[in-house]
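Trainee: So here's query.cif, just mmCIF, C-alpha atoms and all ligand atoms:
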```
data_data
loop_
_atom_site.label_atom_id
_atom_site.label_comp_id
_atom_site.auth_asym_id
_atom_site.auth_seq_id
_atom_site.Cartn_x
_atom_site.Cartn_y
_atom_site.Cartn_z
CA MET F 33 -33.96 208.26 34.54
CA SER F 34 -31.41 210.04 36.71
CA LYS F 35 -30.17 208.49 39.93
CA CYS F 36 -31.81 211.27 41.86
CA THR F 37 -35.26 210.76 40.30
CA LYS F 38 -34.98 207.02 40.86
CA ARG F 39 -34.28 207.64 44.53
CA LYS F 40 -37.27 209.94 44.84
CA LEU F 41 -39.62 207.41 43.25
CA ARG F 42 -38.39 204.39 45.20
CA GLY F 43 -40.96 203.37 47.79
CA ARG F 44 -43.72 205.36 46.13
CA LEU F 45 -46.81 203.20 45.80
CA TRP F 46 -48.26 204.70 42.67
CA THR F 47 -46.98 205.63 39.27
CA THR F 48 -47.17 208.94 37.49
CA THR F 49 -46.72 207.42 34.07
CA LYS F 50 -49.83 205.29 33.60
CA GLY F 51 -53.29 206.25 34.69
CA ILE F 52 -56.97 205.74 34.07
CA PRO F 53 -59.46 208.52 33.31
CA MET F 54 -61.21 209.89 36.39
CA HIS F 55 -63.73 212.59 37.03
CA LEU F 56 -63.56 214.73 40.18
CA ILE F 57 -65.59 217.67 41.40
CA VAL F 58 -63.18 220.08 43.08
CA ASP F 59 -64.27 223.41 44.51
CA GLY F 60 -67.53 223.14 42.63
CA LYS F 61 -65.97 222.52 39.23
CA PRO F 62 -65.64 219.24 37.28
CA ILE F 63 -62.08 218.15 36.66
CA ASP F 64 -61.04 215.28 34.38
CA ILE F 65 -57.70 213.65 35.08
CA GLU F 66 -55.80 210.51 34.19
CA ALA F 67 -54.16 208.99 37.20
CA ASP F 68 -53.18 205.79 38.98
CA PRO F 69 -56.06 204.93 41.39
CA GLU F 70 -53.44 204.47 44.12
CA MET F 71 -52.30 208.08 43.80
CA PRO F 72 -53.24 210.06 46.92
CA LEU F 73 -55.77 212.80 46.32
CA LEU F 74 -53.24 215.47 47.35
CA TRP F 75 -51.00 214.64 44.38
CA ALA F 76 -53.94 214.79 41.99
CA LEU F 77 -55.04 218.13 43.43
CA ARG F 78 -51.63 219.76 43.36
CA ASP F 79 -49.97 218.23 40.30
CA LEU F 80 -52.90 217.44 38.02
CA ALA F 81 -55.63 219.89 39.02
CA GLY F 82 -53.41 222.86 39.85
CA LYS F 83 -54.83 223.24 43.35
CA THR F 84 -51.74 224.05 45.36
CA GLY F 85 -53.60 225.38 48.41
CA PRO F 86 -53.46 222.04 50.30
CA LYS F 87 -49.91 221.35 51.42
CA PHE F 88 -47.74 218.25 51.86
CA GLY F 89 -46.30 217.91 55.34
CA CYS F 90 -45.92 214.31 56.46
CA GLY F 91 -47.73 212.03 54.00
CA ILE F 92 -49.06 209.79 56.79
CA ALA F 93 -52.05 211.75 58.16
CA ALA F 94 -49.98 212.99 61.07
CA CYS F 95 -49.88 216.78 60.56
CA GLY F 96 -53.08 217.99 58.88
CA ALA F 97 -51.44 220.31 56.32
CA CYS F 98 -53.18 218.52 53.44
CA THR F 99 -56.71 218.69 54.89
CA VAL F 100 -59.56 219.15 52.42
CA HIS F 101 -63.25 218.31 52.69
CA MET F 102 -64.99 215.38 51.03
CA ASP F 103 -68.71 216.12 51.05
CA GLY F 104 -68.11 218.39 54.03
CA THR F 105 -66.05 215.96 56.12
CA PRO F 106 -62.41 216.88 56.65
CA VAL F 107 -60.05 214.29 55.18
CA ARG F 108 -56.26 214.05 55.00
CA SER F 109 -55.72 214.10 51.26
CA CYS F 110 -52.10 212.90 51.49
CA ILE F 111 -53.28 209.42 52.40
CA LEU F 112 -56.63 209.15 50.60
CA PRO F 113 -56.17 207.10 47.40
CA LEU F 114 -58.11 208.35 44.39
CA ARG F 115 -59.96 205.02 44.18
CA GLU F 116 -61.62 205.85 47.50
CA VAL F 117 -62.71 209.38 46.63
CA GLN F 118 -66.49 209.54 46.77
CA GLY F 119 -68.11 212.93 46.77
CA GLU F 120 -67.23 216.54 46.15
CA ILE F 121 -63.86 217.86 47.21
CA THR F 122 -63.45 221.32 48.68
CA THR F 123 -60.03 222.83 49.18
CA ILE F 124 -58.96 226.05 50.85
CA GLU F 125 -59.32 227.60 47.39
CA GLY F 126 -63.05 226.88 47.30
CA ILE F 127 -64.41 228.19 50.59
CA SER F 128 -64.76 231.88 49.74
CA THR F 129 -67.88 232.87 47.84
CA ASP F 130 -68.27 235.63 45.25
CA GLY F 131 -64.89 237.04 46.10
CA LYS F 132 -65.83 237.33 49.78
CA LEU F 133 -63.63 235.55 52.29
CA HIS F 134 -65.14 232.77 54.39
CA PRO F 135 -65.67 234.00 57.98
CA VAL F 136 -62.85 231.67 59.08
CA GLN F 137 -60.46 233.23 56.55
CA GLN F 138 -61.58 236.71 57.60
CA ALA F 139 -60.98 235.90 61.26
CA TRP F 140 -57.56 234.42 60.44
CA LEU F 141 -56.66 237.68 58.75
CA GLU F 142 -57.93 239.85 61.60
CA GLU F 143 -56.12 237.79 64.22
CA GLN F 144 -52.95 237.61 62.07
CA VAL F 145 -52.74 233.88 62.77
CA ALA F 146 -50.12 232.76 60.27
CA GLN F 147 -46.41 232.82 60.88
CA CYS F 148 -44.71 230.82 58.12
CA GLY F 149 -48.20 229.84 56.97
CA TYR F 150 -47.41 226.31 55.82
CA CYS F 151 -49.91 224.56 58.08
CA GLN F 152 -52.64 227.16 57.82
CA ALA F 153 -54.63 225.85 54.84
CA GLY F 154 -55.18 222.64 56.80
CA GLN F 155 -55.90 224.50 60.04
CA ILE F 156 -58.54 226.60 58.31
CA MET F 157 -60.23 223.57 56.69
CA SER F 158 -60.50 221.82 60.07
CA ALA F 159 -61.84 225.00 61.66
CA VAL F 160 -64.46 225.35 58.90
CA ALA F 161 -65.58 221.76 59.53
CA LEU F 162 -65.80 222.41 63.27
CA LEU F 163 -67.93 225.54 62.82
CA ASP F 164 -70.18 223.74 60.35
CA GLU F 165 -71.22 221.49 63.23
CA ILE F 166 -70.78 223.62 66.36
CA ASP F 167 -71.81 227.28 66.11
CA ASN F 168 -70.10 228.49 69.25
CA PRO F 169 -67.31 226.07 70.13
CA SER F 170 -65.79 225.97 73.61
CA ASP F 171 -62.04 225.72 74.20
CA GLU F 172 -62.55 221.97 74.63
CA ASP F 173 -64.45 221.67 71.33
CA ILE F 174 -61.58 223.49 69.63
CA ASP F 175 -58.95 221.23 71.22
CA ASN F 176 -60.96 218.18 70.18
CA ALA F 177 -61.28 219.30 66.57
CA MET F 178 -57.83 220.75 65.99
CA GLY F 179 -55.61 218.12 67.67
CA GLY F 180 -54.63 216.60 64.33
CA ASN F 181 -53.40 219.90 62.85
CA LEU F 182 -49.86 220.64 63.92
CA CYS F 183 -48.16 224.01 63.69
CA ARG F 184 -44.38 224.11 63.95
CA CYS F 185 -44.56 227.87 64.50
CA GLY F 186 -46.80 227.40 67.52
CA THR F 187 -49.66 229.65 66.44
CA TYR F 188 -52.15 227.71 68.56
CA PRO F 189 -53.28 230.60 70.79
CA ARG F 190 -54.05 232.71 67.73
CA ILE F 191 -55.83 229.79 66.05
CA ARG F 192 -58.09 229.48 69.08
CA ALA F 193 -58.80 233.21 69.12
CA ALA F 194 -59.52 233.21 65.39
CA ILE F 195 -61.96 230.30 65.66
CA LYS F 196 -63.88 232.22 68.34
CA LYS F 197 -63.85 235.34 66.18
CA ALA F 198 -65.01 233.33 63.15
CA ALA F 199 -67.90 231.93 65.22
CA ALA F 200 -68.93 235.50 66.09
CA LEU F 201 -68.59 236.64 62.46
CA LYS F 202 -70.69 233.70 61.28
CA THR F 203 -73.37 234.38 63.88
CA ALA F 204 -73.45 238.03 62.85
CA GLY F 205 -73.83 236.93 59.23
CA ILE F 206 -70.58 238.58 58.17
CA MET H 246 -111.56 180.50 93.63
CA ARG H 247 -111.53 182.97 90.73
CA ALA H 248 -109.14 185.21 92.61
CA PHE H 249 -106.87 182.20 93.19
CA ILE H 250 -106.83 181.35 89.47
CA VAL H 251 -105.97 184.96 88.58
CA ILE H 252 -103.17 185.04 91.16
CA ALA H 253 -101.84 181.61 90.10
CA THR H 254 -101.93 182.57 86.42
CA SER H 255 -100.13 185.81 87.16
CA ALA H 256 -97.51 183.98 89.21
CA ILE H 257 -96.89 181.52 86.37
CA MET H 258 -96.60 184.37 83.89
CA VAL H 259 -94.15 186.26 86.13
CA PHE H 260 -92.10 183.08 86.58
CA ALA H 261 -92.10 182.39 82.84
CA MET H 262 -91.13 185.98 82.12
CA ALA H 263 -88.33 185.91 84.70
CA THR H 264 -86.99 182.67 83.22
CA TRP H 265 -87.08 184.15 79.71
CA VAL H 266 -85.36 187.35 80.83
CA LEU H 267 -82.70 185.31 82.66
CA ALA H 268 -82.17 183.16 79.58
CA GLN H 269 -81.85 186.28 77.44
CA GLU H 270 -79.45 187.82 79.90
CA THR H 271 -77.17 184.88 80.33
CA GLN H 272 -77.89 183.06 77.04
CA THR H 273 -76.60 179.97 78.76
CA PRO H 274 -78.07 176.62 77.71
CA ALA H 275 -79.36 174.36 80.48
CA THR H 276 -76.22 172.18 80.54
CA VAL H 277 -72.73 173.55 80.71
CA ASP H 278 -69.78 171.51 79.54
CA ALA H 279 -66.82 173.42 80.95
CA ALA H 280 -64.27 170.89 79.70
CA ALA H 281 -65.42 171.39 76.12
CA GLY H 282 -66.26 175.10 76.38
CA LEU H 283 -63.36 176.68 78.26
CA PRO H 284 -60.66 175.81 75.68
CA GLU H 285 -62.87 177.42 73.04
CA TRP H 286 -63.32 180.48 75.25
CA GLU H 287 -59.53 180.78 75.56
CA LYS H 288 -59.27 181.06 71.77
CA ILE H 289 -61.97 183.74 71.77
CA TYR H 290 -60.37 185.62 74.66
CA ALA H 291 -57.00 185.60 72.87
CA VAL H 292 -58.69 187.45 70.01
CA PHE H 293 -60.88 189.85 72.01
CA SER H 294 -58.07 190.87 74.36
CA HIS H 295 -55.56 191.33 71.52
CA PRO H 296 -54.58 194.97 70.97
CA ARG H 297 -55.99 194.95 67.40
CA CYS H 298 -59.42 194.42 68.97
CA ALA H 299 -59.17 195.74 72.53
CA ASN H 300 -57.52 199.07 71.62
CA CYS H 301 -60.86 200.29 70.27
CA HIS H 302 -63.07 198.52 72.86
CA VAL H 303 -62.34 201.01 75.61
CA GLU H 304 -64.31 202.20 78.60
CA ASP H 305 -63.16 205.81 78.35
CA ASP H 306 -63.10 208.11 75.33
CA HIS H 307 -59.59 207.33 74.07
CA PRO H 308 -58.67 204.67 71.54
CA ARG H 309 -55.24 203.21 72.24
CA TRP H 310 -52.07 202.76 70.23
CA SER H 311 -49.72 199.88 70.93
CA GLY H 312 -47.21 197.64 69.24
CA ALA H 313 -43.54 197.22 68.63
CA HIS H 314 -43.09 200.80 67.46
CA TYR H 315 -44.94 202.44 70.32
CA GLY H 316 -43.21 201.29 73.48
CA LYS H 317 -45.95 200.99 76.03
CA THR H 318 -49.62 201.23 75.15
CA ARG H 319 -50.69 204.85 74.91
CA PHE H 320 -53.62 207.07 74.00
CA HIS H 321 -54.14 207.62 70.27
CA ALA H 322 -52.31 210.84 69.38
CA PHE H 323 -53.97 214.04 68.15
CA ASN H 324 -56.49 214.11 71.02
CA VAL H 325 -58.66 211.65 69.11
CA GLN H 326 -61.77 210.78 71.10
CA ARG H 327 -65.01 208.83 71.02
CA GLY H 328 -67.03 211.94 70.15
CA ILE H 329 -69.07 214.28 72.30
CA ASP H 330 -72.25 212.70 70.92
CA GLY H 331 -71.09 209.25 72.09
CA SER H 332 -71.20 207.98 68.50
CA GLY H 333 -67.70 206.52 68.50
CA LEU H 334 -67.11 208.35 65.22
CA GLY H 335 -64.93 211.10 66.70
CA ASN H 336 -65.52 214.79 67.26
CA PRO H 337 -66.76 217.49 64.88
CA GLY H 338 -63.72 218.64 62.91
CA LEU H 339 -61.78 215.45 63.62
CA ARG H 340 -63.76 212.34 62.80
CA CYS H 341 -62.21 208.87 62.75
CA MET H 342 -62.86 208.92 59.02
CA THR H 343 -60.80 212.06 58.60
CA CYS H 344 -57.79 209.72 58.48
CA HIS H 345 -59.15 206.15 58.46
CA PHE H 346 -60.54 205.27 55.05
CA GLU H 347 -61.79 201.95 53.70
CA THR H 348 -58.39 200.34 53.21
CA ASN H 349 -55.09 200.24 55.08
CA SER H 350 -52.46 202.75 54.20
CA ALA H 351 -49.57 200.79 52.73
CA VAL H 352 -47.12 203.15 54.39
CA LEU H 353 -45.61 202.18 57.75
CA HIS H 354 -47.39 204.30 60.40
CA GLY H 355 -49.94 205.42 57.87
CA PRO H 356 -53.50 205.08 59.18
CA PRO H 357 -55.11 201.65 58.99
CA GLY H 358 -58.49 201.46 57.31
CA ALA H 359 -61.70 199.47 57.06
CA GLU H 360 -65.31 200.27 56.32
CA ASN H 361 -66.98 202.50 58.90
CA TRP H 362 -64.01 203.01 61.22
CA HIS H 363 -65.22 203.85 64.74
CA LEU H 364 -64.88 202.99 68.43
CA ALA H 365 -66.99 200.22 69.90
CA PRO H 366 -69.71 201.44 72.30
CA ALA H 367 -68.34 202.10 75.79
CA GLU H 368 -70.36 199.27 77.34
CA MET H 369 -68.54 196.74 75.13
CA VAL H 370 -65.33 197.20 77.03
CA TRP H 371 -62.46 194.75 76.59
CA PHE H 372 -59.39 196.92 77.10
CA GLY H 373 -57.87 196.18 80.53
CA LYS H 374 -60.58 193.65 81.43
CA SER H 375 -60.02 190.11 82.68
CA SER H 376 -61.04 187.00 80.79
CA GLY H 377 -64.01 186.50 83.15
CA GLU H 378 -65.17 190.09 82.74
CA ILE H 379 -65.05 189.96 78.94
CA CYS H 380 -66.83 186.61 79.00
CA ALA H 381 -69.68 188.00 81.12
CA GLN H 382 -69.90 191.08 78.90
CA ILE H 383 -70.12 189.17 75.65
CA LYS H 384 -73.04 187.07 76.97
CA ASP H 385 -75.00 190.09 78.19
CA PRO H 386 -77.33 191.52 75.50
CA ALA H 387 -77.34 194.83 77.37
CA ARG H 388 -73.60 195.03 76.71
CA ASN H 389 -73.17 193.16 73.42
CA GLY H 390 -75.41 195.20 71.16
CA GLY H 391 -78.52 193.13 71.89
CA ARG H 392 -77.10 190.05 70.18
CA THR H 393 -77.58 186.34 70.75
CA LEU H 394 -74.34 184.37 70.81
CA ALA H 395 -75.11 183.14 67.28
CA GLU H 396 -75.37 186.77 66.22
CA VAL H 397 -72.12 187.62 68.01
CA ALA H 398 -70.42 184.79 66.09
CA GLU H 399 -71.85 185.98 62.78
CA HIS H 400 -70.83 189.58 63.53
CA VAL H 401 -67.26 188.42 64.16
CA ARG H 402 -67.25 186.43 60.94
CA SER H 403 -68.76 189.03 58.60
CA ASP H 404 -68.20 192.58 59.89
CA LYS H 405 -65.54 194.34 57.81
CA LEU H 406 -64.16 196.42 60.69
CA VAL H 407 -63.90 193.33 62.93
CA GLY H 408 -62.20 191.51 60.05
CA TRP H 409 -59.58 194.24 59.89
CA GLY H 410 -58.12 192.82 63.13
CA TRP H 411 -56.68 189.91 61.10
CA SER H 412 -55.26 192.09 58.31
CA PRO H 413 -54.19 195.27 60.05
CA GLY H 414 -51.66 196.60 57.55
CA PRO H 415 -47.90 197.00 57.66
CA GLY H 416 -46.09 197.02 61.00
CA ARG H 417 -49.03 195.79 63.06
CA GLU H 418 -49.39 192.33 64.59
CA PRO H 419 -52.68 190.72 63.54
CA ALA H 420 -55.10 189.15 66.00
CA PRO H 421 -54.52 185.39 66.40
CA GLY H 422 -56.24 182.90 64.07
CA SER H 423 -58.84 184.14 61.63
CA ALA H 424 -62.40 185.43 61.54
CA GLU H 425 -63.64 181.98 60.50
CA GLU H 426 -61.73 180.21 63.29
CA THR H 427 -63.07 182.67 65.84
CA TYR H 428 -66.59 182.16 64.50
CA GLN H 429 -66.17 178.40 64.91
CA ALA H 430 -64.81 178.84 68.44
CA ILE H 431 -67.79 180.99 69.48
CA GLU H 432 -70.22 178.43 68.04
CA LYS H 433 -68.53 175.57 69.93
CA TRP H 434 -68.27 177.61 73.13
CA ALA H 435 -71.98 178.52 72.92
CA ALA H 436 -72.93 174.89 72.24
CA ALA H 437 -70.98 173.88 75.34
CA GLY H 438 -73.08 176.23 77.45
CA ALA H 439 -70.80 179.29 77.11
CA PRO H 440 -68.82 178.69 80.31
CA CYS H 441 -66.81 181.56 81.76
CA PRO H 442 -63.51 181.19 83.63
S1 LIG S 501 -49.43 215.87 54.80
FE1 LIG S 501 -51.34 214.97 55.15
S2 LIG S 501 -51.51 214.93 57.27
FE2 LIG S 501 -49.47 215.61 56.94
S1 LIG S 502 -47.61 228.85 60.77
FE1 LIG S 502 -45.74 227.83 60.41
S2 LIG S 502 -46.27 225.73 60.68
FE2 LIG S 502 -48.01 226.77 61.28
#
```
Let's see the structure in the file written out as structure tokens.
Ligand code: FES
Ligand code: FES
Mentor:
Amino acid sequence: MSKCTKRKLRGRLWTTTKGIPMHLIVDGKPIDIEADPEMPLLWALRDLAGKTGPKFGCGIAACGACTVHMDGTPVRSCILPLREVQGEITTIEGISTDGKLHPVQQAWLEEQVAQCGYCQAGQIMSAVALLDEIDNPSDEDIDNAMGGNLCRCGTYPRIRAAIKKAAALKTAGI
Amino acid sequence: MRAFIVIATSAIMVFAMATWVLAQETQTPATVDAAAGLPEWEKIYAVFSHPRCANCHVEDDHPRWSGAHYGKTRFHAFNVQRGIDGSGLGNPGLRCMTCHFETNSAVLHGPPGAENWHLAPAEMVWFGKSSGEICAQIKDPARNGGRTLAEVAEHVRSDKLVGWGWSPGPGREPAPGSAEETYQAIEKWAAAGAPCP
């Protein structure tokens, strides 16, 4: 093992070399993997299941870039060990249906929300969860739901506008 | 005569009811042994007022963060709140369980975890309260989840989220003692008449 790889692995709490068989449902499809139960879900999604939509930002649930849904509840996949995964996982790659964008994705496009885009998969997953529970969120509802999703590019005003547009699109059945 | 019996019976019933309600409210046995009870209360207060417990027993909507790495005690970051429905489970789109799972993150500053992570109901307020105020609260079924003191003790001993206070994960100071020791202290304090300072 090179010095560089050793350095990267030091402090990691799971191993990539030995695993046990596990069965996940991701974006509606069954996925069989072999992984260390301590491995965070994000690693399994990106490295083992090929779902690179969720992003790694901080690794300590402090930025929201890795947000996916577990049975509809948003979770920070960078910190959720595989042994605690119970229920179906939905990533940004699984929210459109029949080739049609989810209203939140459509609104994001129309409002041109993204700048660098790195945080946006997580932003969208939190916004989807918010609109699943509140049809027409106020500014306060949006602040309450989105406070854990950081954007270094400062796209917050456009995120707010897009959530309101998505609410309207959803209500109109678009 | 009949009217007198009816009135007397009613008066006895009202008196009995009032006594029962008072007993339920205060849960204080007839005799109070302050010398035996107060030292036990001090052990209980040291736990209940400790940041691992009090930071989520708040009157307002904001859980607190505190500890060596935080400087002074502060609101939980990310605009985390009790929840507009009052559930203590957070708000739609950002639930407590978005980040707090069933076990502690092993990473410093990673989110701690225990089963059913949530804020205590607002009436069970410990954060910023005096020893006497917490003592009165814990004896009041209207503000302790409708529990007898025996049930409070059992809750402290067996609830997984309460138990987290003694094993809070890396970088956090645990509450003093243990769940079992706190259970024993509550039992002894209750047996001594549950005196408050
Ligand atoms: S990478 Fe998961 S919250 Fe930052
Ligand atoms: S768009 Fe760049 S971090 Fe959010």
Trainee: Quick one: residues within 10 Å of ligand LIG 501 (chain S), with only C-alpha atoms and all ligand atoms, as an MDAnalysis selection string?
Mentor: (chainID F and resid 72 74 86:100 107:112 151 154 180:182) or (chainID H and resid 343:344 355)
Trainee: So which residues touch H:Arg417 within 12 Å, counting all atoms listed in the file, skipping near sequence neighbours fewer than 3 positions away, as a ChimeraX atom specification?
Mentor: /H:295-297,310-315,349-357,409-414,420
Trainee: Atom CA of F:Tyr150 to atom CA of F:Thr187: how many Å, to one decimal?
Mentor: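 About the pair atom CA of F:Tyr150 and atom CA of F:Thr187: they are 11.4 Å apart.
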Trainee: Kindly provide, as number ranges by chain, the residues of chain H having any atom no farther than 12 Å from an atom of chain F, counting only C-alpha atoms.
Mentor: H: 306-307, 321-330, 334-360
Trainee: What residues of the protein or nucleic acid chains come within 8 Å of ligand LIG 502 (chain S) when you use all atoms listed in the file? Reply as a list in words.
Mentor: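 Those residues are Val145, Ala146, Gln147, Cys148, Gly149, Tyr150, Cys151, Gln152, Leu182, Cys183, Arg184, Cys185, Gly186 and Thr187 of chain F.
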Trainee: If I put a ball of radius 12 Å at (-65.4, 192.6, 62.3) in the file's coordinates, which residues poke into it when counting all atoms listed in the file, written as a PyMOL selection string?
Mentor: chain H and resi 292-293+297-298+301+359-363+365+397-413+420+423-425+427-428
Trainee: One decimal, Å: what's the distance from atom CA of F:Ile63 over to atom CA of F:Lys132, could you say?
Mentor: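 Atom-to-atom, atom CA of F:Ile63 and atom CA of F:Lys132 are spaced 23.5 Å apart.
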Trainee: Contacts of F:Lys61 at 12 Å or less, counting only C-alpha atoms, minus same-chain residues fewer than 3 places along, as a PDB file with C-alpha atoms, in the coordinates of the input?
Mentor:
```pdb
ATOM      1  CA  HIS F  55     -63.730 212.590  37.030  1.00  0.00           C
ATOM      2  CA  LEU F  56     -63.560 214.730  40.180  1.00  0.00           C
ATOM      3  CA  ILE F  57     -65.590 217.670  41.400  1.00  0.00           C
ATOM      4  CA  VAL F  58     -63.180 220.080  43.080  1.00  0.00           C
ATOM      5  CA  ASP F  64     -61.040 215.280  34.380  1.00  0.00           C
ATOM      6  CA  ALA F  81     -55.630 219.890  39.020  1.00  0.00           C
ATOM      7  CA  LYS F  83     -54.830 223.240  43.350  1.00  0.00           C
ATOM      8  CA  GLU F 120     -67.230 216.540  46.150  1.00  0.00           C
ATOM      9  CA  ILE F 121     -63.860 217.860  47.210  1.00  0.00           C
ATOM     10  CA  THR F 122     -63.450 221.320  48.680  1.00  0.00           C
ATOM     11  CA  THR F 123     -60.030 222.830  49.180  1.00  0.00           C
ATOM     12  CA  GLU F 125     -59.320 227.600  47.390  1.00  0.00           C
ATOM     13  CA  GLY F 126     -63.050 226.880  47.300  1.00  0.00           C
TER      14      GLY F 126
END
```
Trainee: I want to know what sits within 12 Å of H:Ser294, based on all atoms listed in the file, with residues of the same chain fewer than 3 positions away left out; could you give that as a list in words?
Mentor: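 These residues fall inside the cut-off: Trp286, Glu287, Lys288, Ile289, Tyr290, Ala291, Arg297, Cys298, Ala299, Asn300, Cys301, His302, Val303, Val370, Trp371, Phe372, Gly373, Lys374, Ser375, Ser376, Gly377, Glu378, Ile379, Cys380, Gly410, Ala420 and Pro421 of chain H.
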Trainee: Interatomic distance between atom CA of H:Ala435 and atom CA of H:Pro284?
Mentor: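 So the two atoms, atom CA of H:Ala435 and atom CA of H:Pro284, lie 12.0 Å apart.
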Trainee: Every residue with an atom at most 8 Å from (-55.5, 212.1, 37.4) (file coordinates; all atoms listed in the file) is what I'm after, so could you write them as a list of chain:residue names?
Mentor: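 Checking each residue against the 8 Å limit leaves F:Gly51, F:Ile52, F:Pro53, F:Met54, F:Asp64, F:Ile65, F:Glu66, F:Ala67, F:Asp68, F:Ala76, F:Leu80, F:Ala81.
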Trainee: Can you put N, CA, C and O atoms back into stretch 288-301 of chain H and show it as a compact mmCIF listing (two decimals), keeping the file's coordinate frame?
Mentor:
```
# COMPACT_ATOMS: atom_id res chain seq x y z
N LYS H 288 -59.58 180.59 73.14
CA LYS H 288 -59.27 181.06 71.77
C LYS H 288 -59.97 182.40 71.52
O LYS H 288 -59.40 183.31 70.91
N ILE H 289 -61.19 182.50 71.99
CA ILE H 289 -61.97 183.74 71.77
C ILE H 289 -61.34 184.89 72.56
O ILE H 289 -61.15 186.00 72.04
N TYR H 290 -60.98 184.58 73.80
CA TYR H 290 -60.37 185.62 74.66
C TYR H 290 -59.05 186.12 74.06
O TYR H 290 -58.75 187.32 74.11
N ALA H 291 -58.28 185.18 73.48
CA ALA H 291 -57.00 185.60 72.87
C ALA H 291 -57.24 186.62 71.76
O ALA H 291 -56.43 187.54 71.57
N VAL H 292 -58.36 186.48 71.07
CA VAL H 292 -58.69 187.45 70.01
C VAL H 292 -59.22 188.75 70.63
O VAL H 292 -58.73 189.85 70.34
N PHE H 293 -60.22 188.64 71.49
CA PHE H 293 -60.88 189.85 72.01
C PHE H 293 -59.93 190.72 72.83
O PHE H 293 -60.08 191.93 72.87
N SER H 294 -58.98 190.09 73.51
CA SER H 294 -58.07 190.87 74.36
C SER H 294 -56.85 191.34 73.58
O SER H 294 -56.02 192.08 74.10
N HIS H 295 -56.73 190.91 72.33
CA HIS H 295 -55.56 191.33 71.52
C HIS H 295 -55.67 192.82 71.21
O HIS H 295 -56.77 193.34 70.99
N PRO H 296 -54.53 193.52 71.20
CA PRO H 296 -54.58 194.97 70.97
C PRO H 296 -55.32 195.38 69.70
O PRO H 296 -55.95 196.44 69.69
N ARG H 297 -55.29 194.55 68.63
CA ARG H 297 -55.99 194.95 67.40
C ARG H 297 -57.49 195.06 67.65
O ARG H 297 -58.19 195.76 66.93
N CYS H 298 -57.98 194.35 68.65
CA CYS H 298 -59.42 194.42 68.97
C CYS H 298 -59.64 195.32 70.18
O CYS H 298 -60.48 196.22 70.15
N ALA H 299 -58.89 195.06 71.25
CA ALA H 299 -59.17 195.74 72.53
C ALA H 299 -58.84 197.24 72.49
O ALA H 299 -59.46 198.02 73.22
N ASN H 300 -57.91 197.65 71.63
CA ASN H 300 -57.52 199.07 71.62
C ASN H 300 -58.68 200.00 71.25
O ASN H 300 -58.62 201.20 71.52
N CYS H 301 -59.69 199.46 70.60
CA CYS H 301 -60.86 200.29 70.27
C CYS H 301 -62.11 199.85 71.03
O CYS H 301 -63.21 200.34 70.76
```
